[in-house]
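Working notes for the structure below.
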There are 2 protein chains.
Amino acid sequence: MTTVTEVKPAAKNGVAHGLRADARRNREAVIAAAKKLFADEGLDAQMPDVAKAAKVGVGTVYRHFPTKEDLIAALAAERFERLAERAREELEADDPWQGLCDFIRYSAQIQADDRGLCDVMGSRPEVMGASAEAVGLDELCDQLVKRAQRSGDLRTDLEWEEIPMIACALGGITKAHGPGAGRWPRLVEIVLDGLRAPADSKLPKPIK
Amino acid sequence: MTTVTEVKPAAKNGVAHGLRADARRNREAVIAAAKKLFADEGLDAQMPDVAKAAKVGVGTVYRHFPTKEDLIAALAAERFERLAERAREELEADDPWQGLCDFIRYSAQIQADDRGLCDVMGSRPEVMGASAEAVGLDELCDQLVKRAQRSGDLRTDLEWEEIPMIACALGGITKAHGPGAGRWPRLVEIVLDGLRAPADSKLPKPIK
DNA sequence: TACTATACGGAATGCAGATTCCGTTTGCAG
DNA sequence: CTGCAAACGGAATCTGCATTCCGTATAGTA
């Protein structure tokens, strides 16, 4: 045991360093293929098919993601990063209410574009929880909500925990009827109307 | 082939006649067990477990329901009958708007009480469609919607097809977070608020 | 009571899909 | 150019269910 073994920096920012060139290339191929396949067919797309789509052997897929669940989690993490990113943007929006609305619209949109994500939202609370936690989404939702309430446009009885629930619900529609039905955007608007503070409860605007 | 074979009246109103006494008894036991098991564990409860819960062999389950899908459909049919029944009642409600609201609340409630039903709503469009069709739920939704619109309380741009979608969405919440979270009723109310016609669009009430 | 069409139970089967294994190939340090 | 640890591919294995099969038991009838 006199051999000096280099410590591997493992993965950094999603891209894995310290991997042989071909390994890195394959990993990307797998991720890309899985992203598309899961988006199209939902979580019950099969591992061998992911491998095929990535032009790689099953073994290779499993070398990078020891479990299907791990692969799913990795993809979910990426989506949640985008979601958090968007939340941060909307926190800067001129109109807090519109910011919140757009965030919710966005969360519905990405689900309409990704059946796999709908499935995660609908039946993988742990994955969803972990991913959200990792990017601080909860905190962001809280801020989004508080800000919109302060501006007087959002009903004051809403709690931030209900934002993820609303997202799940909207995902459920796409999951059940397919994005093709094209009806989900209307449902989003209905919910948003329901979120608006009742007109009479709105404090008289300070100045303006 | 000279034997005269009696024609079996098969099933009538859910209860199967022309069955040997023990057979009828077992059939009921299976249905009851399945109802409970699927309600508790969702659609991936297993057939052998249904049999066990009904104190019956798997074979017996399969003699009555050739396929798991058939069993699911039978249970779903029963739920949809209740749903239709409730819809009919609410069509008689004094207040059309409250009638619609209560119908929606009811559909959320039965899903909160039955994970299996949530699953059907969320990922068995065919079963749901067939069951709904069988009891004329679509037509009933249409009437419920039109009536509430006529009274001026329901937003006029709602189409009846969106009622089932709303039901799916609400079911999705229970499915994802469990009924235990106890938050779904609030989401229902939010949606209902979103369904209400904007105050200014309401025609002045005739008299009263 | 005897007989037989119906039912029954549950071990055995079939299959789909995740995961493992191992002989072969390849990137790359020296 | 070599040597070998790091990767590869994909057939084989394992597992979890649904579903089938068949010898046995029983309701209903004569």
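Letters for chains follow the order of the structure tokens (A, B, ...), residue numbers begin at 1 for each chain, and ligand numbers begin at 1 in the order shown.
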### Task
Please identify which residues in chain B DSSP calls alpha helix (DSSP H) from the backbone, and express them as a PyMOL selection string.
chain B and resi 21-41+47-53+58-64+68-91+96-112+115-123+125-135+137-150+162-177+184-195
### Task
Excluding stretch 144-160 of chain A and residues on its chain fewer than 3 positions from it, collect all residues at most 10 Å away from it, counting only C-alpha atoms (C1' of nucleotides), and give them as a PyMOL selection string.
(chain A and resi 87-88+90-92+95-101+103+138-141+163-165+192-199+201-205) or (chain B and resi 186-187+190)
Hey, can you spit out that residue selection with N, CA and C atoms as a short mmCIF file (atom, residue, chain, number, x, y, z; two decimals), in the first residue's frame?
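Result written to result29.cif:
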```
data_model
loop_
_atom_site.label_atom_id
_atom_site.label_comp_id
_atom_site.auth_asym_id
_atom_site.auth_seq_id
_atom_site.Cartn_x
_atom_site.Cartn_y
_atom_site.Cartn_z
N ALA A 87 -37.51 31.83 -10.45
CA ALA A 87 -38.07 32.45 -9.25
C ALA A 87 -37.27 33.68 -8.87
N ARG A 88 -35.95 33.56 -8.95
CA ARG A 88 -35.10 34.70 -8.60
C ARG A 88 -35.34 35.86 -9.53
N GLU A 90 -38.10 36.51 -11.13
CA GLU A 90 -39.42 37.11 -10.89
C GLU A 90 -39.45 37.92 -9.60
N LEU A 91 -38.51 37.64 -8.73
CA LEU A 91 -38.44 38.43 -7.49
C LEU A 91 -38.01 39.85 -7.79
N GLU A 92 -37.44 40.03 -8.97
CA GLU A 92 -36.98 41.36 -9.39
C GLU A 92 -38.05 42.08 -10.21
N ASP A 95 -43.70 44.36 -11.12
CA ASP A 95 -44.98 44.08 -10.48
C ASP A 95 -44.92 42.73 -9.75
N PRO A 96 -44.91 42.76 -8.44
CA PRO A 96 -44.80 41.53 -7.64
C PRO A 96 -45.86 40.50 -8.00
N TRP A 97 -47.06 40.99 -8.21
CA TRP A 97 -48.15 40.07 -8.57
C TRP A 97 -47.86 39.39 -9.89
N GLN A 98 -47.49 40.16 -10.88
CA GLN A 98 -47.16 39.56 -12.17
C GLN A 98 -45.97 38.62 -12.05
N GLY A 99 -45.06 38.97 -11.18
CA GLY A 99 -43.91 38.11 -10.96
C GLY A 99 -44.36 36.73 -10.50
N LEU A 100 -45.22 36.72 -9.51
CA LEU A 100 -45.72 35.45 -9.00
C LEU A 100 -46.48 34.69 -10.08
N CYS A 101 -47.36 35.42 -10.77
CA CYS A 101 -48.14 34.78 -11.82
C CYS A 101 -47.23 34.15 -12.86
N PHE A 103 -44.24 33.18 -12.55
CA PHE A 103 -43.53 32.02 -12.00
C PHE A 103 -44.42 30.79 -12.07
N ASP A 138 -38.02 26.56 -1.74
CA ASP A 138 -39.03 26.86 -0.73
C ASP A 138 -38.92 28.31 -0.29
N GLU A 139 -37.70 28.66 0.08
CA GLU A 139 -37.45 30.03 0.52
C GLU A 139 -37.87 31.03 -0.57
N LEU A 140 -37.54 30.71 -1.80
CA LEU A 140 -37.89 31.60 -2.90
C LEU A 140 -39.40 31.76 -3.04
N CYS A 141 -40.11 30.64 -2.91
CA CYS A 141 -41.57 30.71 -3.00
C CYS A 141 -42.10 31.61 -1.89
N ILE A 163 -47.88 26.96 -3.01
CA ILE A 163 -47.38 27.16 -4.37
C ILE A 163 -46.94 25.84 -5.00
N PRO A 164 -46.10 25.07 -4.32
CA PRO A 164 -45.74 23.76 -4.89
C PRO A 164 -46.97 22.89 -5.15
N MET A 165 -47.92 22.98 -4.25
CA MET A 165 -49.13 22.17 -4.44
C MET A 165 -49.85 22.58 -5.72
N LEU A 192 -55.01 31.44 -11.08
CA LEU A 192 -54.44 32.76 -10.78
C LEU A 192 -55.54 33.74 -10.36
N ASP A 193 -56.67 33.66 -11.03
CA ASP A 193 -57.78 34.52 -10.62
C ASP A 193 -58.19 34.21 -9.19
N GLY A 194 -58.12 32.94 -8.86
CA GLY A 194 -58.49 32.56 -7.50
C GLY A 194 -57.49 33.04 -6.47
N LEU A 195 -56.29 33.29 -6.92
CA LEU A 195 -55.24 33.72 -5.98
C LEU A 195 -55.29 35.22 -5.70
N ARG A 196 -55.89 35.92 -6.62
CA ARG A 196 -55.93 37.38 -6.50
C ARG A 196 -56.70 37.78 -5.24
N ALA A 197 -56.22 38.81 -4.58
CA ALA A 197 -56.92 39.30 -3.41
C ALA A 197 -58.27 39.87 -3.83
N PRO A 198 -59.32 39.60 -3.07
CA PRO A 198 -60.63 40.17 -3.38
C PRO A 198 -60.50 41.68 -3.48
N ALA A 199 -61.15 42.27 -4.47
CA ALA A 199 -61.00 43.70 -4.76
C ALA A 199 -61.15 44.58 -3.53
N SER A 201 -60.66 44.07 -0.50
CA SER A 201 -59.70 43.92 0.60
C SER A 201 -58.44 44.71 0.34
N LYS A 202 -58.35 45.23 -0.86
CA LYS A 202 -57.11 45.90 -1.23
C LYS A 202 -57.03 47.26 -0.55
N LEU A 203 -55.93 47.47 0.16
CA LEU A 203 -55.77 48.76 0.83
C LEU A 203 -55.70 49.85 -0.24
N PRO A 204 -56.19 50.99 0.08
CA PRO A 204 -56.07 52.11 -0.87
C PRO A 204 -54.59 52.34 -1.17
N LYS A 205 -54.25 52.43 -2.41
CA LYS A 205 -52.84 52.60 -2.75
C LYS A 205 -52.28 53.86 -2.11
N ARG B 186 -58.25 23.93 1.05
CA ARG B 186 -57.99 25.34 0.76
C ARG B 186 -57.76 25.54 -0.72
N LEU B 187 -57.06 24.60 -1.33
CA LEU B 187 -56.83 24.71 -2.76
C LEU B 187 -58.15 24.67 -3.52
N ILE B 190 -59.66 28.01 -3.41
CA ILE B 190 -58.97 28.95 -4.30
C ILE B 190 -59.47 28.79 -5.73
#
```
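Using only C-alpha atoms (C1' of nucleotides), the nearest neighbour of chain B within the list D:DG28, D:DG23, D:DG9, D:DG3 is D:DG28.
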Kindly assemble as JSON lines a list of the chain B residues that lie within 10 Å of chain D, each paired with its nearest atom pair and their distance in Å to one decimal, using only C-alpha atoms (C1' of nucleotides), sorted first by chain and then by ascending residue number.
```
{"residue": "B:Arg20", "atom": "CA", "partner": "D:DA27", "partner_atom": "C1'", "distance": 6.7}
{"residue": "B:Ala21", "atom": "CA", "partner": "D:DA27", "partner_atom": "C1'", "distance": 7.3}
{"residue": "B:Asp22", "atom": "CA", "partner": "D:DA27", "partner_atom": "C1'", "distance": 7.7}
{"residue": "B:Ala23", "atom": "CA", "partner": "D:DA27", "partner_atom": "C1'", "distance": 9.7}
{"residue": "B:Asp44", "atom": "CA", "partner": "D:DC17", "partner_atom": "C1'", "distance": 9.8}
{"residue": "B:Gln46", "atom": "CA", "partner": "D:DC17", "partner_atom": "C1'", "distance": 7.5}
{"residue": "B:Met47", "atom": "CA", "partner": "D:DA18", "partner_atom": "C1'", "distance": 7.5}
{"residue": "B:Pro48", "atom": "CA", "partner": "D:DA18", "partner_atom": "C1'", "distance": 9.1}
{"residue": "B:Val58", "atom": "CA", "partner": "D:DT19", "partner_atom": "C1'", "distance": 9.4}
{"residue": "B:Gly59", "atom": "CA", "partner": "D:DT20", "partner_atom": "C1'", "distance": 8.7}
{"residue": "B:Tyr62", "atom": "CA", "partner": "D:DT19", "partner_atom": "C1'", "distance": 8.2}
{"residue": "B:Pro66", "atom": "CA", "partner": "D:DT19", "partner_atom": "C1'", "distance": 8.7}
{"residue": "B:Thr67", "atom": "CA", "partner": "D:DT19", "partner_atom": "C1'", "distance": 8.0}
{"residue": "B:Lys68", "atom": "CA", "partner": "D:DA18", "partner_atom": "C1'", "distance": 7.8}
```
Residues just named, written with N, CA and C atoms as a PDB file, in the first residue's frame:
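Result file part38.pdb:
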```
ATOM      1  N   ARG B  20     -73.766 -19.292  -7.738  1.00  0.00           N
ATOM      2  CA  ARG B  20     -73.917 -20.123  -6.565  1.00  0.00           C
ATOM      3  C   ARG B  20     -73.721 -19.231  -5.343  1.00  0.00           C
ATOM      4  N   ALA B  21     -74.410 -19.572  -4.274  1.00  0.00           N
ATOM      5  CA  ALA B  21     -74.381 -18.706  -3.085  1.00  0.00           C
ATOM      6  C   ALA B  21     -72.978 -18.329  -2.654  1.00  0.00           C
ATOM      7  N   ASP B  22     -72.089 -19.334  -2.571  1.00  0.00           N
ATOM      8  CA  ASP B  22     -70.730 -19.020  -2.118  1.00  0.00           C
ATOM      9  C   ASP B  22     -70.017 -18.088  -3.089  1.00  0.00           C
ATOM     10  N   ALA B  23     -70.313 -18.269  -4.362  1.00  0.00           N
ATOM     11  CA  ALA B  23     -69.682 -17.423  -5.375  1.00  0.00           C
ATOM     12  C   ALA B  23     -70.090 -15.969  -5.172  1.00  0.00           C
ATOM     13  N   ASP B  44     -51.441   0.488  -7.390  1.00  0.00           N
ATOM     14  CA  ASP B  44     -50.471  -0.590  -7.441  1.00  0.00           C
ATOM     15  C   ASP B  44     -50.556  -1.541  -6.256  1.00  0.00           C
ATOM     16  N   GLN B  46     -51.550  -4.992  -4.909  1.00  0.00           N
ATOM     17  CA  GLN B  46     -51.399  -6.189  -5.715  1.00  0.00           C
ATOM     18  C   GLN B  46     -52.560  -7.171  -5.601  1.00  0.00           C
ATOM     19  N   MET B  47     -52.799  -7.850  -6.701  1.00  0.00           N
ATOM     20  CA  MET B  47     -53.895  -8.799  -6.767  1.00  0.00           C
ATOM     21  C   MET B  47     -53.829  -9.860  -5.679  1.00  0.00           C
ATOM     22  N   PRO B  48     -52.665 -10.461  -5.442  1.00  0.00           N
ATOM     23  CA  PRO B  48     -52.596 -11.475  -4.377  1.00  0.00           C
ATOM     24  C   PRO B  48     -53.002 -10.874  -3.034  1.00  0.00           C
ATOM     25  N   VAL B  58     -56.273 -16.411  -5.088  1.00  0.00           N
ATOM     26  CA  VAL B  58     -56.174 -15.523  -6.254  1.00  0.00           C
ATOM     27  C   VAL B  58     -57.104 -15.961  -7.351  1.00  0.00           C
ATOM     28  N   GLY B  59     -57.168 -17.264  -7.540  1.00  0.00           N
ATOM     29  CA  GLY B  59     -58.005 -17.801  -8.604  1.00  0.00           C
ATOM     30  C   GLY B  59     -59.412 -17.249  -8.542  1.00  0.00           C
ATOM     31  N   TYR B  62     -59.677 -13.795  -9.851  1.00  0.00           N
ATOM     32  CA  TYR B  62     -59.629 -13.773 -11.308  1.00  0.00           C
ATOM     33  C   TYR B  62     -60.871 -14.363 -11.959  1.00  0.00           C
ATOM     34  N   PRO B  66     -61.489 -10.933 -14.685  1.00  0.00           N
ATOM     35  CA  PRO B  66     -60.461 -11.595 -15.488  1.00  0.00           C
ATOM     36  C   PRO B  66     -59.132 -10.853 -15.498  1.00  0.00           C
ATOM     37  N   THR B  67     -59.176  -9.608 -15.128  1.00  0.00           N
ATOM     38  CA  THR B  67     -57.982  -8.790 -15.224  1.00  0.00           C
ATOM     39  C   THR B  67     -57.974  -7.754 -14.108  1.00  0.00           C
ATOM     40  N   LYS B  68     -56.813  -7.354 -13.684  1.00  0.00           N
ATOM     41  CA  LYS B  68     -56.728  -6.308 -12.679  1.00  0.00           C
ATOM     42  C   LYS B  68     -57.442  -5.056 -13.187  1.00  0.00           C
TER      43      LYS B  68
END
```
Just need chain B moved onto chain A: least-squares over all Cα atoms matched in order, then output as a JSON list (two decimals) with C-alpha atoms, in the first residue's frame.
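Output contents, as saved in superposed.json:
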```json
[["chain", "number", "residue", "atom", "x", "y", "z"],
["B", 1, "MET", "CA", -0.75, -0.24, -0.14],
["B", 2, "THR", "CA", 2.06, 2.13, -0.94],
["B", 3, "THR", "CA", 0.49, 3.41, -4.14],
["B", 4, "VAL", "CA", -0.42, 7.04, -4.04],
["B", 5, "THR", "CA", -3.97, 7.41, -5.23],
["B", 6, "GLU", "CA", -5.04, 10.74, -6.60],
["B", 7, "VAL", "CA", -8.22, 12.12, -5.08],
["B", 8, "LYS", "CA", -10.82, 12.57, -7.75],
["B", 9, "PRO", "CA", -12.58, 15.92, -7.69],
["B", 10, "ALA", "CA", -15.68, 13.99, -8.77],
["B", 11, "ALA", "CA", -18.35, 16.20, -10.28],
["B", 12, "LYS", "CA", -18.37, 19.96, -10.23],
["B", 13, "ASN", "CA", -21.36, 21.93, -11.36],
["B", 14, "GLY", "CA", -23.02, 18.97, -12.99],
["B", 15, "VAL", "CA", -20.17, 18.31, -15.39],
["B", 16, "ALA", "CA", -17.88, 15.55, -14.18],
["B", 17, "HIS", "CA", -14.18, 16.36, -14.36],
["B", 18, "GLY", "CA", -11.42, 13.85, -13.82],
["B", 19, "LEU", "CA", -13.14, 11.47, -16.18],
["B", 20, "ARG", "CA", -11.64, 9.97, -19.25],
["B", 21, "ALA", "CA", -12.68, 11.92, -22.33],
["B", 22, "ASP", "CA", -14.92, 9.19, -23.70],
["B", 23, "ALA", "CA", -16.54, 8.75, -20.32],
["B", 24, "ARG", "CA", -17.41, 12.42, -20.11],
["B", 25, "ARG", "CA", -18.78, 12.36, -23.62],
["B", 26, "ASN", "CA", -20.94, 9.34, -22.88],
["B", 27, "ARG", "CA", -22.24, 10.82, -19.68],
["B", 28, "GLU", "CA", -23.50, 13.83, -21.57],
["B", 29, "ALA", "CA", -25.07, 11.60, -24.19],
["B", 30, "VAL", "CA", -26.88, 9.63, -21.51],
["B", 31, "ILE", "CA", -28.18, 12.74, -19.85],
["B", 32, "ALA", "CA", -29.36, 14.19, -23.11],
["B", 33, "ALA", "CA", -31.06, 10.98, -24.18],
["B", 34, "ALA", "CA", -32.69, 10.49, -20.80],
["B", 35, "LYS", "CA", -33.89, 14.05, -20.75],
["B", 36, "LYS", "CA", -35.66, 13.58, -24.03],
["B", 37, "LEU", "CA", -36.99, 10.11, -23.34],
["B", 38, "PHE", "CA", -38.36, 10.89, -19.91],
["B", 39, "ALA", "CA", -39.81, 14.12, -21.16],
["B", 40, "ASP", "CA", -41.66, 12.27, -23.90],
["B", 41, "GLU", "CA", -42.70, 9.09, -22.14],
["B", 42, "GLY", "CA", -42.68, 9.90, -18.46],
["B", 43, "LEU", "CA", -40.86, 8.09, -15.70],
["B", 44, "ASP", "CA", -41.61, 4.64, -16.96],
["B", 45, "ALA", "CA", -39.37, 5.02, -19.93],
["B", 46, "GLN", "CA", -36.94, 2.14, -19.64],
["B", 47, "MET", "CA", -33.26, 2.14, -18.87],
["B", 48, "PRO", "CA", -32.31, -0.04, -21.86],
["B", 49, "ASP", "CA", -34.10, 2.45, -24.07],
["B", 50, "VAL", "CA", -32.19, 5.31, -22.55],
["B", 51, "ALA", "CA", -29.01, 3.42, -23.36],
["B", 52, "LYS", "CA", -30.12, 2.76, -26.90],
["B", 53, "ALA", "CA", -31.07, 6.39, -27.42],
["B", 54, "ALA", "CA", -27.68, 7.46, -26.13],
["B", 55, "LYS", "CA", -25.98, 4.90, -28.40],
["B", 56, "VAL", "CA", -24.36, 3.34, -25.41],
["B", 57, "GLY", "CA", -24.58, 0.03, -23.55],
["B", 58, "VAL", "CA", -26.77, -0.31, -20.45],
["B", 59, "GLY", "CA", -23.67, -0.86, -18.42],
["B", 60, "THR", "CA", -22.48, 2.60, -19.27],
["B", 61, "VAL", "CA", -25.70, 4.16, -18.14],
["B", 62, "TYR", "CA", -25.40, 2.35, -14.83],
["B", 63, "ARG", "CA", -21.76, 3.32, -14.39],
["B", 64, "HIS", "CA", -22.83, 6.96, -14.33],
["B", 65, "PHE", "CA", -26.13, 6.53, -12.54],
["B", 66, "PRO", "CA", -26.14, 3.50, -10.25],
["B", 67, "THR", "CA", -29.90, 3.48, -10.21],
["B", 68, "LYS", "CA", -32.79, 4.63, -12.33],
["B", 69, "GLU", "CA", -33.86, 6.67, -9.36],
["B", 70, "ASP", "CA", -30.47, 8.41, -9.40],
["B", 71, "LEU", "CA", -30.86, 9.29, -13.04],
["B", 72, "ILE", "CA", -34.31, 10.66, -12.39],
["B", 73, "ALA", "CA", -33.04, 12.68, -9.48],
["B", 74, "ALA", "CA", -30.25, 14.14, -11.60],
["B", 75, "LEU", "CA", -32.68, 15.25, -14.27],
["B", 76, "ALA", "CA", -35.08, 16.61, -11.70],
["B", 77, "ALA", "CA", -32.31, 18.56, -10.05],
["B", 78, "GLU", "CA", -31.59, 20.30, -13.30],
["B", 79, "ARG", "CA", -35.22, 21.29, -13.78],
["B", 80, "PHE", "CA", -35.46, 22.60, -10.27],
["B", 81, "GLU", "CA", -32.38, 24.70, -10.78],
["B", 82, "ARG", "CA", -34.09, 26.40, -13.69],
["B", 83, "LEU", "CA", -37.18, 26.82, -11.61],
["B", 84, "ALA", "CA", -35.24, 28.45, -8.81],
["B", 85, "GLU", "CA", -33.45, 30.63, -11.30],
["B", 86, "ARG", "CA", -36.76, 31.81, -12.65],
["B", 87, "ALA", "CA", -38.05, 32.42, -9.15],
["B", 88, "ARG", "CA", -35.08, 34.67, -8.46],
["B", 89, "GLU", "CA", -35.76, 36.61, -11.63],
["B", 90, "GLU", "CA", -39.40, 37.09, -10.78],
["B", 91, "LEU", "CA", -38.45, 38.38, -7.36],
["B", 92, "GLU", "CA", -36.97, 41.34, -9.25],
["B", 93, "ALA", "CA", -40.07, 41.90, -11.33],
["B", 94, "ASP", "CA", -41.52, 45.39, -11.22],
["B", 95, "ASP", "CA", -44.94, 44.05, -10.38],
["B", 96, "PRO", "CA", -44.79, 41.51, -7.53],
["B", 97, "TRP", "CA", -48.14, 40.05, -8.49],
["B", 98, "GLN", "CA", -47.12, 39.55, -12.10],
["B", 99, "GLY", "CA", -43.88, 38.10, -10.86],
["B", 100, "LEU", "CA", -45.69, 35.43, -8.91],
["B", 101, "CYS", "CA", -48.11, 34.76, -11.75],
["B", 102, "ASP", "CA", -45.30, 34.34, -14.22],
["B", 103, "PHE", "CA", -43.49, 32.01, -11.91],
["B", 104, "ILE", "CA", -46.56, 29.82, -11.65],
["B", 105, "ARG", "CA", -47.12, 29.99, -15.38],
["B", 106, "TYR", "CA", -43.55, 28.93, -15.90],
["B", 107, "SER", "CA", -43.86, 25.97, -13.59],
["B", 108, "ALA", "CA", -46.93, 24.85, -15.50],
["B", 109, "GLN", "CA", -45.13, 25.33, -18.79],
["B", 110, "ILE", "CA", -42.11, 23.23, -17.99],
["B", 111, "GLN", "CA", -44.38, 20.46, -16.87],
["B", 112, "ALA", "CA", -46.38, 20.67, -20.05],
["B", 113, "ASP", "CA", -43.08, 20.20, -21.85],
["B", 114, "ASP", "CA", -41.90, 17.31, -19.71],
["B", 115, "ARG", "CA", -44.05, 14.38, -18.75],
["B", 116, "GLY", "CA", -41.28, 13.06, -16.58],
["B", 117, "LEU", "CA", -41.33, 16.17, -14.49],
["B", 118, "CYS", "CA", -45.09, 15.84, -14.09],
["B", 119, "ASP", "CA", -44.53, 12.33, -12.79],
["B", 120, "VAL", "CA", -41.91, 13.50, -10.31],
["B", 121, "MET", "CA", -44.26, 16.18, -9.06],
["B", 122, "GLY", "CA", -47.12, 13.77, -8.89],
["B", 123, "SER", "CA", -45.56, 10.70, -7.38],
["B", 124, "ARG", "CA", -42.07, 11.26, -6.10],
["B", 125, "PRO", "CA", -42.49, 13.60, -3.13],
["B", 126, "GLU", "CA", -39.02, 12.65, -1.87],
["B", 127, "VAL", "CA", -37.26, 13.53, -5.11],
["B", 128, "MET", "CA", -39.23, 16.71, -5.39],
["B", 129, "GLY", "CA", -38.57, 17.65, -1.79],
["B", 130, "ALA", "CA", -34.86, 16.99, -2.06],
["B", 131, "SER", "CA", -34.48, 18.89, -5.32],
["B", 132, "ALA", "CA", -36.44, 21.83, -4.02],
["B", 133, "GLU", "CA", -34.44, 21.86, -0.83],
["B", 134, "ALA", "CA", -31.17, 21.75, -2.73],
["B", 135, "VAL", "CA", -31.86, 24.94, -4.63],
["B", 136, "GLY", "CA", -33.70, 26.76, -1.87],
["B", 137, "LEU", "CA", -36.95, 26.81, -3.78],
["B", 138, "ASP", "CA", -39.05, 26.81, -0.65],
["B", 139, "GLU", "CA", -37.49, 29.99, 0.62],
["B", 140, "LEU", "CA", -37.91, 31.57, -2.79],
["B", 141, "CYS", "CA", -41.59, 30.67, -2.90],
["B", 142, "ASP", "CA", -42.02, 32.17, 0.50],
["B", 143, "GLN", "CA", -40.47, 35.43, -0.62],
["B", 144, "LEU", "CA", -42.48, 35.46, -3.82],
["B", 145, "VAL", "CA", -45.67, 35.02, -1.83],
["B", 146, "LYS", "CA", -44.85, 37.57, 0.86],
["B", 147, "ARG", "CA", -43.86, 40.16, -1.70],
["B", 148, "ALA", "CA", -47.07, 39.75, -3.65],
["B", 149, "GLN", "CA", -49.07, 39.91, -0.47],
["B", 150, "ARG", "CA", -47.32, 43.09, 0.62],
["B", 151, "SER", "CA", -48.27, 44.70, -2.65],
["B", 152, "GLY", "CA", -51.86, 43.86, -1.85],
["B", 153, "ASP", "CA", -52.61, 41.82, -4.96],
["B", 154, "LEU", "CA", -52.30, 38.33, -3.53],
["B", 155, "ARG", "CA", -54.87, 36.96, -1.12],
["B", 156, "THR", "CA", -53.37, 37.20, 2.35],
["B", 157, "ASP", "CA", -54.39, 33.75, 3.46],
["B", 158, "LEU", "CA", -52.08, 32.00, 1.03],
["B", 159, "GLU", "CA", -49.13, 30.18, 2.51],
["B", 160, "TRP", "CA", -46.03, 29.43, 0.50],
["B", 161, "GLU", "CA", -46.48, 25.68, 0.89],
["B", 162, "GLU", "CA", -49.46, 26.01, -1.37],
["B", 163, "ILE", "CA", -47.40, 27.13, -4.33],
["B", 164, "PRO", "CA", -45.77, 23.74, -4.82],
["B", 165, "MET", "CA", -49.16, 22.15, -4.40],
["B", 166, "ILE", "CA", -50.60, 24.32, -7.11],
["B", 167, "ALA", "CA", -47.71, 23.36, -9.32],
["B", 168, "CYS", "CA", -48.43, 19.67, -8.69],
["B", 169, "ALA", "CA", -52.06, 20.16, -9.47],
["B", 170, "LEU", "CA", -51.30, 21.87, -12.77],
["B", 171, "GLY", "CA", -48.86, 19.14, -13.61],
["B", 172, "GLY", "CA", -51.57, 16.61, -12.94],
["B", 173, "ILE", "CA", -53.69, 18.11, -15.68],
["B", 174, "THR", "CA", -50.98, 17.73, -18.26],
["B", 175, "LYS", "CA", -50.29, 14.24, -17.03],
["B", 176, "ALA", "CA", -53.90, 13.17, -17.32],
["B", 177, "HIS", "CA", -54.90, 14.85, -20.54],
["B", 178, "GLY", "CA", -51.60, 15.43, -22.27],
["B", 179, "PRO", "CA", -50.25, 18.84, -23.14],
["B", 180, "GLY", "CA", -51.82, 18.45, -26.54],
["B", 181, "ALA", "CA", -55.28, 19.19, -25.22],
["B", 182, "GLY", "CA", -54.00, 22.74, -24.99],
["B", 183, "ARG", "CA", -56.45, 23.50, -22.25],
["B", 184, "TRP", "CA", -54.04, 23.75, -19.35],
["B", 185, "PRO", "CA", -53.17, 27.41, -19.84],
["B", 186, "ARG", "CA", -56.77, 28.33, -19.17],
["B", 187, "LEU", "CA", -56.77, 26.35, -15.98],
["B", 188, "VAL", "CA", -53.67, 28.23, -14.91],
["B", 189, "GLU", "CA", -55.43, 31.52, -15.41],
["B", 190, "ILE", "CA", -58.42, 30.32, -13.44],
["B", 191, "VAL", "CA", -56.21, 29.42, -10.52],
["B", 192, "LEU", "CA", -54.40, 32.74, -10.76],
["B", 193, "ASP", "CA", -57.75, 34.52, -10.62],
["B", 194, "GLY", "CA", -58.49, 32.55, -7.52],
["B", 195, "LEU", "CA", -55.25, 33.70, -5.96],
["B", 196, "ARG", "CA", -55.91, 37.37, -6.48],
["B", 197, "ALA", "CA", -56.95, 39.29, -3.39],
["B", 198, "PRO", "CA", -60.65, 40.17, -3.43],
["B", 199, "ALA", "CA", -60.99, 43.67, -4.83],
["B", 200, "ASP", "CA", -62.51, 45.21, -1.72],
["B", 201, "SER", "CA", -59.71, 43.94, 0.50],
["B", 202, "LYS", "CA", -57.12, 45.91, -1.36],
["B", 203, "LEU", "CA", -55.85, 48.90, 0.55],
["B", 204, "PRO", "CA", -56.22, 52.15, -1.32],
["B", 205, "LYS", "CA", -53.03, 52.63, -3.28],
["B", 206, "PRO", "CA", -50.71, 55.08, -1.50],
["B", 207, "ILE", "CA", -50.41, 57.57, -4.32],
["B", 208, "LYS", "CA", -50.47, 56.88, -8.03]]
```
### Task
Tell me which of C:DT25, C:DT1, C:DT19, C:DT6 sits closest to chain A, counting only C-alpha atoms (C1' of nucleotides).
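Among the listed residues, C:DT19 lies closest to chain A.
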### Query
Within 9 Å of chain B, which residues of chain C show up when using only C-alpha atoms (C1' of nucleotides), listed as a list in words?
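Matching residues, ligands excluded from the count: DT6, DA7, DC8, DG9 and DG10 of chain C.
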Output C-alpha atoms (C1' of nucleotides) for every residue in that selection, as a PDB file, in the first residue's frame.
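So selection33.pdb came out as:
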```
ATOM      1  C1'  DT C   6     -69.651 -24.750 -10.139  1.00  0.00           C
ATOM      2  C1'  DA C   7     -66.280 -22.808  -7.400  1.00  0.00           C
ATOM      3  C1'  DC C   8     -62.317 -22.891  -4.848  1.00  0.00           C
ATOM      4  C1'  DG C   9     -57.170 -22.351  -3.445  1.00  0.00           C
ATOM      5  C1'  DG C  10     -52.741 -21.428  -4.337  1.00  0.00           C
TER       6       DG C  10
END
```
